[in-house]
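S.K.: Below is the file upload-v8.cif, which contains mmCIF, C-alpha atoms.
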data_entry
loop_
_atom_site.group_PDB
_atom_site.id
_atom_site.type_symbol
_atom_site.label_atom_id
_atom_site.label_comp_id
_atom_site.auth_asym_id
_atom_site.auth_seq_id
_atom_site.Cartn_x
_atom_site.Cartn_y
_atom_site.Cartn_z
ATOM 1 C CA LEU A 1062 -7.016 14.354 -9.349
ATOM 2 C CA PHE A 1063 -7.878 15.052 -5.722
ATOM 3 C CA ASN A 1064 -8.793 11.402 -5.118
ATOM 4 C CA VAL A 1065 -5.696 10.178 -6.939
ATOM 5 C CA TYR A 1066 -3.519 12.316 -4.686
ATOM 6 C CA ALA A 1067 -5.543 11.352 -1.601
ATOM 7 C CA PHE A 1068 -4.897 7.694 -2.390
ATOM 8 C CA ALA A 1069 -1.183 8.369 -2.866
ATOM 9 C CA PHE A 1070 -1.068 10.164 0.481
ATOM 10 C CA PHE A 1071 -2.997 7.658 2.576
ATOM 11 C CA ASN A 1072 -1.330 4.689 0.891
ATOM 12 C CA LYS A 1073 2.012 5.905 2.257
ATOM 13 C CA LEU A 1074 0.836 7.407 5.553
ATOM 14 C CA LEU A 1075 1.597 4.283 7.545
ATOM 15 C CA LEU A 1076 2.705 5.071 11.070
ATOM 16 C CA LEU A 1077 3.674 1.419 11.322
ATOM 17 C CA SER A 1078 6.344 1.755 8.621
ATOM 18 C CA PRO A 1079 9.147 3.259 10.708
ATOM 19 C CA VAL A 1080 8.600 0.878 13.629
ATOM 20 C CA TYR A 1081 7.529 -2.506 12.275
ATOM 21 C CA ALA A 1082 11.092 -3.889 12.261
ATOM 22 C CA VAL A 1083 11.409 -2.897 15.929
ATOM 23 C CA PHE A 1084 8.010 -4.505 16.607
ATOM 24 C CA MET A 1085 9.236 -7.694 14.954
ATOM 25 C CA GLN A 1086 12.485 -7.659 16.921
ATOM 26 C CA GLU A 1087 10.562 -7.209 20.161
ATOM 27 C CA HIS A 1088 8.712 -10.385 19.233
ATOM 28 C CA GLY A 1089 11.939 -12.343 18.923
ATOM 29 C CA MET A 1090 12.952 -11.871 15.293
ATOM 30 C CA THR A 1091 16.699 -12.059 14.793
ATOM 31 C CA ASP A 1092 18.618 -10.004 12.254
ATOM 32 C CA MET A 1093 18.665 -13.013 9.917
ATOM 33 C CA GLN A 1094 14.916 -13.484 10.272
ATOM 34 C CA LEU A 1095 14.330 -9.786 9.574
ATOM 35 C CA SER A 1096 16.451 -10.103 6.458
ATOM 36 C CA ALA A 1097 14.423 -13.128 5.401
ATOM 37 C CA LEU A 1098 11.190 -11.177 5.969
ATOM 38 C CA PHE A 1099 12.354 -8.366 3.683
ATOM 39 C CA ILE A 1100 13.275 -10.953 1.074
ATOM 40 C CA ILE A 1101 9.800 -12.483 1.412
ATOM 41 C CA LEU A 1102 8.279 -9.036 0.805
ATOM 42 C CA SER A 1103 10.301 -8.637 -2.404
ATOM 43 C CA VAL A 1104 9.595 -12.184 -3.550
ATOM 44 C CA GLY A 1105 5.882 -11.600 -2.960
ATOM 45 C CA THR A 1106 5.982 -8.581 -5.248
ATOM 46 C CA PHE A 1107 8.170 -10.137 -7.926
ATOM 47 C CA MET A 1108 6.501 -13.548 -8.139
ATOM 48 C CA THR A 1109 2.958 -12.218 -8.274
ATOM 49 C CA GLN A 1110 3.335 -9.570 -10.999
ATOM 50 C CA ILE A 1111 1.984 -11.840 -13.772
ATOM 51 C CA PRO A 1112 -0.930 -13.333 -11.795
ATOM 52 C CA VAL A 1113 -1.794 -9.884 -10.448
ATOM 53 C CA THR A 1114 -1.881 -8.527 -13.999
ATOM 54 C CA TRP A 1115 -4.398 -11.233 -14.920
ATOM 55 C CA VAL A 1116 -6.502 -10.483 -11.813
ATOM 56 C CA THR A 1117 -6.349 -6.749 -12.531
ATOM 57 C CA ASN A 1118 -7.591 -7.338 -16.066
ATOM 58 C CA LYS A 1119 -10.529 -9.328 -14.657
ATOM 59 C CA LEU A 1120 -11.425 -7.033 -11.728
ATOM 60 C CA GLY A 1121 -10.542 -3.636 -13.144
ATOM 61 C CA GLN A 1122 -7.877 -1.271 -11.880
ATOM 62 C CA LYS A 1123 -9.829 0.322 -9.021
ATOM 63 C CA ASN A 1124 -10.992 -3.020 -7.612
ATOM 64 C CA ALA A 1125 -7.526 -4.527 -8.000
ATOM 65 C CA ILE A 1126 -5.914 -1.637 -6.137
ATOM 66 C CA ASN A 1127 -8.448 -1.991 -3.329
ATOM 67 C CA LEU A 1128 -7.920 -5.759 -3.203
ATOM 68 C CA GLY A 1129 -4.228 -5.025 -2.713
ATOM 69 C CA GLN A 1130 -5.045 -2.547 0.047
ATOM 70 C CA LEU A 1131 -7.215 -5.163 1.732
ATOM 71 C CA LEU A 1132 -4.288 -7.620 1.622
ATOM 72 C CA LYS A 1133 -2.050 -4.990 3.243
ATOM 73 C CA ALA A 1134 -4.635 -4.455 5.998
ATOM 74 C CA VAL A 1135 -4.840 -8.227 6.580
ATOM 75 C CA ALA A 1136 -1.038 -8.306 6.842
ATOM 76 C CA PHE A 1137 -1.034 -5.640 9.557
ATOM 77 C CA VAL A 1138 -3.785 -7.347 11.540
ATOM 78 C CA LEU A 1139 -2.004 -10.678 11.172
ATOM 79 C CA TRP A 1140 1.132 -9.199 12.718
ATOM 80 C CA LEU A 1141 -0.847 -8.164 15.775
ATOM 81 C CA ILE A 1142 -2.708 -11.423 16.302
ATOM 82 C CA TRP A 1143 0.097 -13.831 15.301
ATOM 83 C CA PRO A 1144 3.426 -12.093 16.026
ATOM 84 C CA THR A 1145 5.640 -15.044 15.078
ATOM 85 C CA PHE A 1146 8.028 -15.622 12.208
ATOM 86 C CA TRP A 1147 5.261 -17.339 10.238
ATOM 87 C CA GLY A 1148 2.730 -14.611 10.960
ATOM 88 C CA PHE A 1149 5.221 -11.957 9.926
ATOM 89 C CA SER A 1150 6.193 -13.996 6.842
ATOM 90 C CA ILE A 1151 2.636 -14.352 5.609
ATOM 91 C CA GLY A 1152 2.031 -10.664 6.324
ATOM 92 C CA MET A 1153 5.130 -9.595 4.403
ATOM 93 C CA PHE A 1154 4.140 -11.804 1.472
ATOM 94 C CA LEU A 1155 0.654 -10.246 1.460
ATOM 95 C CA TRP A 1156 2.184 -6.771 1.572
ATOM 96 C CA GLY A 1157 4.351 -7.786 -1.375
ATOM 97 C CA ILE A 1158 1.253 -8.812 -3.312
ATOM 98 C CA GLN A 1159 -0.276 -5.428 -2.491
ATOM 99 C CA ALA A 1160 2.802 -3.772 -3.972
ATOM 100 C CA ALA A 1161 2.335 -5.863 -7.127
ATOM 101 C CA PHE A 1162 -1.293 -4.722 -7.427
ATOM 102 C CA PHE A 1163 -0.173 -1.127 -6.985
ATOM 103 C CA ASN A 1164 2.610 -1.503 -9.573
ATOM 104 C CA VAL A 1165 0.299 -3.071 -12.136
ATOM 105 C CA ALA A 1166 -2.801 -0.921 -11.718
ATOM 106 C CA TYR A 1167 -2.110 2.534 -10.312
ATOM 107 C CA GLU A 1168 -0.292 4.313 -13.115
ATOM 108 C CA GLY A 1169 -2.622 2.782 -15.688
ATOM 109 C CA LEU A 1170 -5.615 4.001 -13.694
ATOM 110 C CA LEU A 1171 -4.156 7.491 -13.541
ATOM 111 C CA TYR A 1172 -3.408 7.559 -17.271
ATOM 112 C CA ASP A 1173 -6.822 6.155 -18.211
ATOM 113 C CA GLU A 1174 -8.553 8.719 -16.021
ATOM 114 C CA LEU A 1175 -6.600 11.591 -17.545
ATOM 115 C CA ARG A 1176 -7.091 10.307 -21.086
ATOM 116 C CA ALA A 1177 -10.838 9.909 -20.550
ATOM 117 C CA ARG A 1178 -10.980 13.544 -19.488
ATOM 118 C CA ARG A 1179 -8.762 14.539 -22.418
ATOM 119 C CA HIS A 1180 -5.965 15.668 -20.092
ATOM 120 C CA HIS A 1181 -3.379 12.977 -20.873
ATOM 121 C CA GLU A 1182 -0.770 15.671 -21.531
ATOM 122 C CA VAL A 1183 -0.533 16.318 -17.770
ATOM 123 C CA TYR A 1184 0.208 12.654 -16.962
ATOM 124 C CA ALA A 1185 3.902 13.250 -16.178
ATOM 125 C CA ARG A 1186 3.064 16.249 -13.993
ATOM 126 C CA ALA A 1187 0.375 14.254 -12.176
ATOM 127 C CA LEU A 1188 2.855 11.424 -11.559
ATOM 128 C CA GLY A 1189 5.362 13.914 -10.194
ATOM 129 C CA MET A 1190 2.758 15.387 -7.881
ATOM 130 C CA ARG A 1191 1.822 11.876 -6.749
ATOM 131 C CA TYR A 1192 5.448 11.206 -5.819
ATOM 132 C CA ASN A 1193 5.580 14.494 -3.879
ATOM 133 C CA VAL A 1194 2.351 13.741 -2.012
ATOM 134 C CA SER A 1195 3.646 10.252 -1.207
ATOM 135 C CA ALA A 1196 6.926 11.691 0.062
ATOM 136 C CA VAL A 1197 5.086 14.027 2.437
ATOM 137 C CA ALA A 1198 3.074 11.069 3.750
ATOM 138 C CA VAL A 1199 6.238 9.005 4.276
ATOM 139 C CA ALA A 1200 7.791 11.909 6.189
ATOM 140 C CA LEU A 1201 4.676 12.236 8.347
ATOM 141 C CA SER A 1202 4.792 8.480 9.010
ATOM 142 C CA ALA A 1203 7.847 9.139 11.138
ATOM 143 C CA PHE A 1204 5.389 10.211 13.831
ATOM 144 C CA GLY A 1205 4.717 6.510 14.291
ATOM 145 C CA SER A 1206 7.857 6.309 16.370
ATOM 146 C CA LEU A 1207 6.470 9.006 18.663
ATOM 147 C CA MET A 1208 3.383 6.844 19.261
ATOM 148 C CA MET A 1209 5.414 3.841 20.445
ATOM 149 C CA PRO A 1210 4.684 4.540 24.134
ATOM 150 C CA LEU A 1211 0.979 4.028 23.310
ATOM 151 C CA GLY A 1212 1.728 0.554 21.968
ATOM 152 C CA TYR A 1213 1.899 -1.064 18.574
ATOM 153 C CA GLU A 1214 -1.832 -1.676 18.618
ATOM 154 C CA TRP A 1215 -2.532 2.073 18.292
ATOM 155 C CA ILE A 1216 0.117 2.487 15.616
ATOM 156 C CA THR A 1217 -1.400 -0.415 13.689
ATOM 157 C CA ILE A 1218 -4.922 0.964 14.074
ATOM 158 C CA ALA A 1219 -3.771 4.363 12.788
ATOM 159 C CA SER A 1220 -2.158 2.619 9.812
ATOM 160 C CA LEU A 1221 -5.331 0.606 9.165
ATOM 161 C CA VAL A 1222 -7.375 3.826 9.188
ATOM 162 C CA SER A 1223 -4.995 5.245 6.606
ATOM 163 C CA VAL A 1224 -5.362 2.133 4.443
ATOM 164 C CA ALA A 1225 -9.166 2.430 4.708
ATOM 165 C CA LEU A 1226 -9.028 6.099 3.674
ATOM 166 C CA SER A 1227 -6.866 5.165 0.684
ATOM 167 C CA MET A 1228 -9.511 2.638 -0.353
ATOM 168 C CA VAL A 1229 -12.246 5.274 -0.097
ATOM 169 C CA ALA A 1230 -10.182 7.631 -2.271
ATOM 170 C CA ILE A 1231 -9.780 4.994 -5.002
ATOM 171 C CA LYS A 1232 -13.490 4.159 -4.914
ATOM 172 C CA ARG A 1233 -14.322 7.842 -5.379
ATOM 173 C CA ILE A 1234 -12.465 8.063 -8.674
ATOM 174 C CA GLN A 1235 -15.043 8.215 -11.442
ATOM 175 C CA ILE A 1236 -13.671 6.863 -14.701
ATOM 176 C CA ARG A 1237 -15.354 8.563 -17.619
ATOM 177 C CA ALA A 1238 -15.962 6.884 -20.931
ATOM 178 C CA ASN A 1239 -13.786 8.014 -23.821
#
Mind turning the file's structure into structure tokens?

M.R.:
Amino acid sequence: LFNVYAFAFFNKLLLLSPVYAVFMQEHGMTDMQLSALFIILSVGTFMTQIPVTWVTNKLGQKNAINLGQLLKAVAFVLWLIWPTFWGFSIGMFLWGIQAAFFNVAYEGLLYDELRARRHHEVYARALGMRYNVSAVAVALSAFGSLMMPLGYEWITIASLVSVALSMVAIKRIQIRAN
């Protein structure tokens, strides 16, 4: 479960999270545009649930989760290199797709891993621990606002490192045969 919890931690340890709306505003986004961007994020998640389920079934849960993480990383880089409404929109949509991959694949991966090891009875406890680990990471993400004097580039790089570490954690999970 170490790798499952490591993924949960690094997936949420995004120093960019508490400051990306400010970053967007500093690049000219109005309150209405910010609202539209959050809607785009939600639409990206909602509209891609069915296609993402199909892709997950083809790629496997671990690969699907990492594909989602890659899309999130592309979104962050896109914000840096194309900080316009369209760049932010595409990035938010990609982040929404990542959320869909996470929603579809993560809990199934956890359950399958526990079942393969004949520990499925601890599934609820493992989910609870995952939520706790994620909450700690979200709280630590608040340090992103302390890094603002260094610039958004450093905050984004730190977030990209966290995404990369989450991908390593997922790859390290060894699914055993039943």

S.K.: Carefully work through the PyMOL selection byres ((chain A and resi 1153-1168) around 8) for this structure and note down the residues it includes, as an mmCIF file with C-alpha atoms, keeping the file's coordinate frame.

M.R.:
data_model
loop_
_atom_site.group_PDB
_atom_site.id
_atom_site.type_symbol
_atom_site.label_atom_id
_atom_site.label_comp_id
_atom_site.auth_asym_id
_atom_site.auth_seq_id
_atom_site.Cartn_x
_atom_site.Cartn_y
_atom_site.Cartn_z
ATOM 1 C CA LEU A 1098 11.190 -11.177 5.969
ATOM 2 C CA PHE A 1099 12.354 -8.366 3.683
ATOM 3 C CA ILE A 1101 9.800 -12.483 1.412
ATOM 4 C CA LEU A 1102 8.279 -9.036 0.805
ATOM 5 C CA SER A 1103 10.301 -8.637 -2.404
ATOM 6 C CA VAL A 1104 9.595 -12.184 -3.550
ATOM 7 C CA GLY A 1105 5.882 -11.600 -2.960
ATOM 8 C CA THR A 1106 5.982 -8.581 -5.248
ATOM 9 C CA PHE A 1107 8.170 -10.137 -7.926
ATOM 10 C CA THR A 1109 2.958 -12.218 -8.274
ATOM 11 C CA GLN A 1110 3.335 -9.570 -10.999
ATOM 12 C CA VAL A 1113 -1.794 -9.884 -10.448
ATOM 13 C CA THR A 1114 -1.881 -8.527 -13.999
ATOM 14 C CA THR A 1117 -6.349 -6.749 -12.531
ATOM 15 C CA GLN A 1122 -7.877 -1.271 -11.880
ATOM 16 C CA LYS A 1123 -9.829 0.322 -9.021
ATOM 17 C CA ALA A 1125 -7.526 -4.527 -8.000
ATOM 18 C CA ILE A 1126 -5.914 -1.637 -6.137
ATOM 19 C CA LEU A 1128 -7.920 -5.759 -3.203
ATOM 20 C CA GLY A 1129 -4.228 -5.025 -2.713
ATOM 21 C CA GLN A 1130 -5.045 -2.547 0.047
ATOM 22 C CA LEU A 1132 -4.288 -7.620 1.622
ATOM 23 C CA LYS A 1133 -2.050 -4.990 3.243
ATOM 24 C CA VAL A 1135 -4.840 -8.227 6.580
ATOM 25 C CA ALA A 1136 -1.038 -8.306 6.842
ATOM 26 C CA PHE A 1149 5.221 -11.957 9.926
ATOM 27 C CA SER A 1150 6.193 -13.996 6.842
ATOM 28 C CA ILE A 1151 2.636 -14.352 5.609
ATOM 29 C CA GLY A 1152 2.031 -10.664 6.324
ATOM 30 C CA GLY A 1169 -2.622 2.782 -15.688
ATOM 31 C CA LEU A 1170 -5.615 4.001 -13.694
ATOM 32 C CA LEU A 1171 -4.156 7.491 -13.541
ATOM 33 C CA TYR A 1172 -3.408 7.559 -17.271
ATOM 34 C CA LEU A 1188 2.855 11.424 -11.559
#

S.K.: Could you check which of A:Val1080, A:Phe1070, A:Leu1062, A:Arg1176 is closest to Met1209 in chain A, using only C-alpha atoms?

M.R.: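 The closest residue to Met1209 in chain A is A:Val1080.
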
S.K.: Need the shell around Leu1141 in chain A: protein/DNA/RNA residues with any atom at most 9 Å away, counting all atoms listed in the file. Skip same-chain ones fewer than 6 positions apart. Format as a ChimeraX atom specification?

M.R.: /A:1148,1213-1214,1217

S.K.: To one decimal in Å, tell me the separation between CA of Met1090 in chain A and CA of Ile1218 in chain A.

M.R.: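 Atom-to-atom, CA of Met1090 in chain A and CA of Ile1218 in chain A are spaced 22.0 Å apart.
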
S.K.: Applying 8 Å and all atoms listed in the file, which residues near Asn1064 in chain A remain after dropping the ones on its own chain fewer than 4 positions away? List them as a list of chain:residue names.

M.R.: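 Within the cut-off, the hits are A:Phe1068, A:Ala1230, A:Ile1231, A:Arg1233, A:Ile1234.
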
S.K.: When the PyMOL selection byres ((chain A and resi 1204) around 10) is applied to the file above, which residues end up in the set, as a ChimeraX atom specification?

M.R.: /A:1074-1080,1199-1203,1205-1209,1216

S.K.: Contacts of Asn1072 in chain A at 8 Å or less, counting all atoms listed in the file, minus same-chain residues fewer than 6 places along, as a PyMOL selection string?

M.R.: chain A and resi 1195+1223-1224+1227

S.K.: Looking at only C-alpha atoms, which of A:Val1065, A:Val1083, A:Ala1219, A:Leu1095 is the one that sits closest to Ala1187 in chain A?

M.R.: A:Val1065

S.K.: Provide an axis-aligned box for all listed atoms of range 1177-1186 of chain A, padding each side by 6 Å; report its centre and its edge lengths in Å to one decimal, as AutoDock Vina command-line options.

M.R.:
--center_x -3.5 --center_y 13.1 --center_z -18.2 --size_x 26.9 --size_y 18.4 --size_z 20.4

S.K.: Kindly give the distance, in Å, that separates CA of Phe1146 in chain A and CA of Asp1092 in chain A, rounded to a single decimal.

M.R.: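 Distance reported for this atom pair: 12.0 Å.
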
S.K.: Rounded to one decimal place, report the CA of Met1108 in chain A-CA of Ser1096 in chain A distance in Å.

M.R.: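 Between CA of Met1108 in chain A and CA of Ser1096 in chain A the gap works out to 18.0 Å.
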
S.K.: Just checking: using only C-alpha atoms, which residue out of A:Lys1073, A:Trp1147, A:Phe1063, A:Arg1178 ends up closest to Tyr1192 in chain A?

M.R.: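 Going through A:Lys1073, A:Trp1147, A:Phe1063, A:Arg1178 one by one, the smallest distance to Tyr1192 in chain A is for A:Lys1073.
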
S.K.: Of the candidates A:Phe1084, A:Gly1121, A:Ala1225, A:Trp1215, which one gets nearest to Trp1140 in chain A if we count only C-alpha atoms?

M.R.: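 Closest residue, counting only C-alpha atoms: A:Phe1084.
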